[in-house]
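Okay, model_29.cif is below, mmCIF, C-alpha atoms; chains and numbers go by the auth columns:
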```cif
data_upload
loop_
_atom_site.group_PDB
_atom_site.id
_atom_site.type_symbol
_atom_site.label_atom_id
_atom_site.label_comp_id
_atom_site.label_asym_id
_atom_site.label_seq_id
_atom_site.Cartn_x
_atom_site.Cartn_y
_atom_site.Cartn_z
_atom_site.B_iso_or_equiv
_atom_site.auth_seq_id
_atom_site.auth_asym_id
ATOM 1 C CA MET A 1 0.000 0.000 0.000 0.00 247 A
ATOM 2 C CA VAL A 2 1.361 3.416 -0.980 0.00 248 A
ATOM 3 C CA MET A 3 1.078 6.237 1.553 0.00 249 A
ATOM 4 C CA ILE A 4 0.401 9.679 0.121 0.00 250 A
ATOM 5 C CA LYS A 5 0.789 12.833 2.131 0.00 251 A
ATOM 6 C CA MET A 6 -1.991 15.326 1.605 0.00 252 A
ATOM 7 C CA LYS A 7 -1.470 18.930 2.648 0.00 253 A
ATOM 8 C CA LEU A 8 -4.259 21.267 3.699 0.00 254 A
ATOM 9 C CA PHE A 9 -3.624 24.993 4.009 0.00 255 A
ATOM 10 C CA GLY A 10 -5.714 27.371 6.057 0.00 256 A
ATOM 11 C CA ARG A 11 -5.938 30.297 8.430 0.00 257 A
ATOM 12 C CA VAL A 12 -6.461 30.178 12.179 0.00 258 A
ATOM 13 C CA VAL A 13 -9.927 31.432 13.155 0.00 259 A
ATOM 14 C CA SER A 14 -11.795 31.814 16.427 0.00 260 A
ATOM 15 C CA GLY A 15 -14.358 29.245 17.489 0.00 261 A
ATOM 16 C CA LYS A 16 -17.247 29.398 19.905 0.00 262 A
ATOM 17 C CA GLY A 17 -15.283 27.897 22.787 0.00 263 A
ATOM 18 C CA GLU A 18 -17.359 24.715 22.862 0.00 264 A
ATOM 19 C CA GLY A 19 -14.380 22.462 22.115 0.00 265 A
ATOM 20 C CA LYS A 20 -13.034 23.048 25.623 0.00 266 A
ATOM 21 C CA TYR A 21 -16.152 21.545 27.188 0.00 267 A
ATOM 22 C CA TYR A 22 -16.196 18.452 25.002 0.00 268 A
ATOM 23 C CA MET A 23 -12.453 17.847 25.256 0.00 269 A
ATOM 24 C CA SER A 24 -12.771 17.902 29.057 0.00 270 A
ATOM 25 C CA LEU A 25 -15.261 15.006 29.161 0.00 271 A
ATOM 26 C CA PRO A 26 -13.563 11.830 30.469 0.00 272 A
ATOM 27 C CA PRO A 27 -15.108 9.455 27.869 0.00 273 A
ATOM 28 C CA TYR A 28 -13.847 11.567 24.953 0.00 274 A
ATOM 29 C CA LYS A 29 -10.423 12.004 26.576 0.00 275 A
ATOM 30 C CA GLU A 30 -10.086 8.265 27.171 0.00 276 A
ATOM 31 C CA LYS A 31 -11.167 7.316 23.653 0.00 277 A
ATOM 32 C CA PHE A 32 -8.846 9.881 22.059 0.00 278 A
ATOM 33 C CA LYS A 33 -5.900 8.745 24.191 0.00 279 A
ATOM 34 C CA ASN A 34 -6.475 5.078 23.247 0.00 280 A
ATOM 35 C CA ILE A 35 -6.667 5.877 19.528 0.00 281 A
ATOM 36 C CA LEU A 36 -4.214 8.750 19.131 0.00 282 A
ATOM 37 C CA GLU A 37 -1.805 7.852 21.953 0.00 283 A
ATOM 38 C CA PHE A 38 -2.019 11.301 23.501 0.00 284 A
ATOM 39 C CA GLU A 39 -4.427 13.058 25.818 0.00 285 A
ATOM 40 C CA PRO A 40 -5.725 16.146 24.027 0.00 286 A
ATOM 41 C CA TYR A 41 -5.491 19.628 25.431 0.00 287 A
ATOM 42 C CA GLU A 42 -8.955 20.748 26.519 0.00 288 A
ATOM 43 C CA GLY A 43 -9.809 22.838 23.502 0.00 289 A
ATOM 44 C CA THR A 44 -9.650 22.828 19.716 0.00 290 A
ATOM 45 C CA LEU A 45 -7.951 24.990 17.143 0.00 291 A
ATOM 46 C CA ASN A 46 -10.158 26.026 14.237 0.00 292 A
ATOM 47 C CA ILE A 47 -8.649 26.383 10.789 0.00 293 A
ATOM 48 C CA LYS A 48 -10.523 27.866 7.848 0.00 294 A
ATOM 49 C CA LEU A 49 -9.496 26.366 4.533 0.00 295 A
ATOM 50 C CA GLY A 50 -9.797 28.229 1.244 0.00 296 A
ATOM 51 C CA TYR A 51 -12.003 25.399 -0.049 0.00 297 A
ATOM 52 C CA GLY A 52 -14.505 22.852 1.212 0.00 298 A
ATOM 53 C CA ILE A 53 -13.399 19.303 1.976 0.00 299 A
ATOM 54 C CA ASN A 54 -15.253 16.045 2.551 0.00 300 A
ATOM 55 C CA LEU A 55 -13.421 14.569 5.542 0.00 301 A
ATOM 56 C CA ASN A 56 -15.234 11.265 5.065 0.00 302 A
ATOM 57 C CA ASP A 57 -13.088 10.711 1.955 0.00 303 A
ATOM 58 C CA LEU A 58 -9.946 10.652 4.134 0.00 304 A
ATOM 59 C CA ASN A 59 -10.628 7.341 5.906 0.00 305 A
ATOM 60 C CA PRO A 60 -11.427 8.751 9.374 0.00 306 A
ATOM 61 C CA ILE A 61 -11.400 6.701 12.572 0.00 307 A
ATOM 62 C CA GLU A 62 -14.918 6.668 14.028 0.00 308 A
ATOM 63 C CA ILE A 63 -15.933 6.909 17.670 0.00 309 A
ATOM 64 C CA ASP A 64 -19.524 5.906 18.432 0.00 310 A
ATOM 65 C CA ASP A 65 -22.137 7.885 20.348 0.00 311 A
ATOM 66 C CA PHE A 66 -22.140 7.312 24.101 0.00 312 A
ATOM 67 C CA TYR A 67 -23.960 8.239 27.297 0.00 313 A
ATOM 68 C CA TYR A 68 -22.227 9.989 30.174 0.00 314 A
ATOM 69 C CA GLU A 69 -23.958 11.173 33.360 0.00 315 A
ATOM 70 C CA ASN A 70 -27.363 10.508 31.758 0.00 316 A
ATOM 71 C CA ASN A 71 -26.607 12.665 28.708 0.00 317 A
ATOM 72 C CA LYS A 72 -26.108 11.486 25.153 0.00 318 A
ATOM 73 C CA TYR A 73 -22.963 12.606 23.371 0.00 319 A
ATOM 74 C CA TYR A 74 -22.540 12.170 19.656 0.00 320 A
ATOM 75 C CA GLY A 75 -19.632 10.330 18.169 0.00 321 A
ATOM 76 C CA VAL A 76 -16.799 11.916 16.271 0.00 322 A
ATOM 77 C CA LYS A 77 -14.448 11.068 13.465 0.00 323 A
ATOM 78 C CA LEU A 78 -10.691 11.491 13.820 0.00 324 A
ATOM 79 C CA ILE A 79 -7.970 11.940 11.242 0.00 325 A
ATOM 80 C CA PRO A 80 -4.377 11.910 12.558 0.00 326 A
ATOM 81 C CA VAL A 81 -2.347 14.848 11.233 0.00 327 A
ATOM 82 C CA ILE A 82 0.757 16.938 11.735 0.00 328 A
ATOM 83 C CA ILE A 83 0.162 20.654 12.264 0.00 329 A
ATOM 84 C CA CYS A 84 2.997 22.711 10.786 0.00 330 A
ATOM 85 C CA THR A 85 4.220 26.271 11.033 0.00 331 A
ATOM 86 C CA LYS A 86 7.421 27.535 9.423 0.00 332 A
ATOM 87 C CA ASN A 87 9.504 26.243 12.338 0.00 333 A
ATOM 88 C CA TYR A 88 7.515 23.533 14.121 0.00 334 A
ATOM 89 C CA GLY A 89 5.453 20.400 13.582 0.00 335 A
ATOM 90 C CA VAL A 90 3.089 18.915 16.182 0.00 336 A
ATOM 91 C CA LYS A 91 1.191 15.630 16.050 0.00 337 A
ATOM 92 C CA GLY A 92 -2.532 16.064 16.415 0.00 338 A
ATOM 93 C CA ALA A 93 -5.807 15.128 14.774 0.00 339 A
ATOM 94 C CA ILE A 94 -8.707 16.634 12.927 0.00 340 A
ATOM 95 C CA VAL A 95 -11.766 16.023 15.067 0.00 341 A
ATOM 96 C CA TYR A 96 -14.997 15.970 13.098 0.00 342 A
ATOM 97 C CA PRO A 97 -18.115 15.761 15.282 0.00 343 A
ATOM 98 C CA LYS A 98 -21.111 13.961 13.800 0.00 344 A
ATOM 99 C CA LYS A 99 -23.143 16.947 14.944 0.00 345 A
ATOM 100 C CA THR A 100 -21.433 20.217 13.995 0.00 346 A
ATOM 101 C CA GLU A 101 -22.309 23.727 12.898 0.00 347 A
ATOM 102 C CA HIS A 102 -19.032 24.269 11.035 0.00 348 A
ATOM 103 C CA PRO A 103 -19.140 24.541 7.243 0.00 349 A
ATOM 104 C CA ASN A 104 -17.021 22.039 5.303 0.00 350 A
ATOM 105 C CA ASN A 105 -14.181 24.544 4.933 0.00 351 A
ATOM 106 C CA VAL A 106 -13.523 24.796 8.702 0.00 352 A
ATOM 107 C CA ILE A 107 -11.667 22.008 10.484 0.00 353 A
ATOM 108 C CA GLU A 108 -11.117 21.533 14.210 0.00 354 A
ATOM 109 C CA ILE A 109 -7.733 20.319 15.411 0.00 355 A
ATOM 110 C CA ILE A 110 -6.843 18.636 18.702 0.00 356 A
ATOM 111 C CA ALA A 111 -3.316 18.118 20.019 0.00 357 A
ATOM 112 C CA PRO A 112 -1.588 17.265 23.298 0.00 358 A
ATOM 113 C CA ILE A 113 -0.661 20.935 23.770 0.00 359 A
ATOM 114 C CA ARG A 114 -2.394 24.290 23.541 0.00 360 A
ATOM 115 C CA LEU A 115 -1.502 25.014 19.930 0.00 361 A
ATOM 116 C CA ARG A 116 -2.216 28.756 20.029 0.00 362 A
ATOM 117 C CA LYS A 117 0.176 29.240 22.938 0.00 363 A
ATOM 118 C CA TYR A 118 3.028 26.910 21.987 0.00 364 A
ATOM 119 C CA LEU A 119 3.063 27.756 18.280 0.00 365 A
ATOM 120 C CA PHE A 120 2.493 31.484 18.949 0.00 366 A
ATOM 121 C CA LEU A 121 -0.645 31.524 16.800 0.00 367 A
ATOM 122 C CA ARG A 122 -3.071 34.364 16.245 0.00 368 A
ATOM 123 C CA ASN A 123 -6.161 34.629 14.071 0.00 369 A
ATOM 124 C CA ASN A 124 -5.329 34.716 10.351 0.00 370 A
ATOM 125 C CA ASP A 125 -1.958 32.962 10.795 0.00 371 A
ATOM 126 C CA ILE A 126 -1.463 30.377 8.059 0.00 372 A
ATOM 127 C CA LEU A 127 -0.938 26.712 8.942 0.00 373 A
ATOM 128 C CA THR A 128 -0.230 23.570 6.999 0.00 374 A
ATOM 129 C CA VAL A 129 -1.952 20.356 8.078 0.00 375 A
ATOM 130 C CA ILE A 130 -0.377 17.145 6.768 0.00 376 A
ATOM 131 C CA ILE A 131 -2.483 13.985 6.461 0.00 377 A
ATOM 132 C CA ASP A 132 -1.228 10.513 5.548 0.00 378 A
ATOM 133 C CA VAL A 133 -3.843 9.105 3.184 0.00 379 A
#
```
Written as structure tokens, how would this file's structure read?
Amino acid sequence: MVMIKMKLFGRVVSGKGEGKYYMSLPPYKEKFKNILEFEPYEGTLNIKLGYGINLNDLNPIEIDDFYYENNKYYGVKLIPVIICTKNYGVKGAIVYPKKTEHPNNVIEIIAPIRLRKYLFLRNNDILTVIIDV
């Protein structure tokens, strides 16, 4: 099987802050750690691409819906990636909730660190996201 690296390019944008809540839930954290081999920082980084993308075409890893403290939480799809700036690369993943309000040109990234802080990111900074397809 031949591995092809796909590069996505986009700009950092602000989100609604909801990623922090979901990333703090123990069932999500545990599932992500088992699959990705890291515990994600409690928050997501939103990147707006210059084009729409169908993430289902990129062979995502699926996590099923679950119940936690009598509430239903929807599953997500994960795509392992490397987030790159001019000087750094960090392992992370695109997290694609089954239930989302984002258009198909905005992706949410999780990583073991707070990407904005450690990569010195501000809104409109350009990032490269590398996917092994």
| field | Selection result of the PyMOL selection byres ((chain A and resi 359) around 7) on this file, as a list in words | value |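 Applied to this file, the PyMOL selection byres ((chain A and resi 359) around 7) returns Pro286, Tyr287, Ala357, Pro358, Arg360 and Leu361 of chain A.
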| Mind pulling up the distance from CA of Leu304 (chain A) to CA of Leu291 (chain A)? |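 Going from CA of Leu291 (chain A) over to CA of Leu304 (chain A), I get 19.5 Å.
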| Rounded to one decimal in Å, what is the spacing between CA of Lys318 (chain A) and CA of Pro343 (chain A)? | 13.4 Å
Please identify every residue of region 280-371 of chain A that has at least one atom no farther than 10 Å from an atom of region 264-269 of chain A, counting all atoms listed in the file, and for each give the shortest atom pair and the distance in Å to one decimal, arranged by chain then increasing number, as CSV.
```
residue,atom,partner,partner_atom,distance
A:Glu285,CA,A:Met269,CA,9.4
A:Pro286,CA,A:Met269,CA,7.0
A:Tyr287,CA,A:Met269,CA,7.2
A:Glu288,CA,A:Met269,CA,4.7
A:Gly289,CA,A:Lys266,CA,3.9
A:Thr290,CA,A:Gly265,CA,5.3
A:Leu291,CA,A:Gly265,CA,8.5
A:Asn292,CA,A:Gly265,CA,9.6
A:Tyr319,CA,A:Tyr268,CA,9.1
A:Val341,CA,A:Gly265,CA,9.9
A:Glu354,CA,A:Gly265,CA,8.6
A:Ile355,CA,A:Gly265,CA,9.7
A:Ile356,CA,A:Met269,CA,8.7
```
| Option closest in space to Thr346 (chain A), from A:Val327, A:Lys262, A:Phe366, A:Thr374 [counting all atoms listed in the file] |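 Among the listed residues, the smallest separation from Thr346 (chain A) belongs to A:Lys262.
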| said: Assuming the chain letters and numbering stay as they are in my file, what does the PyMOL selection byres ((chain A and resi 259) around 8) actually select? List them as a VMD selection string. | reply: chain A and resid 257 to 258 260 to 261 291 to 294 369 to 370
| said: Assuming the chain letters and numbering stay as they are in my file, what does the PyMOL selection byres ((chain A and resi 326) around 6) actually select? List them as a VMD selection string. | reply: chain A and resid 325 327 338 to 339
| field | Nearby residues (all atoms listed in the file) at most 10 Å from Leu365 (chain A), same-chain spacing under 4 positions excluded, as JSON, numbers by chain | value | {"A": [329, 330, 331, 332, 333, 334, 335, 336, 359, 360, 361]}
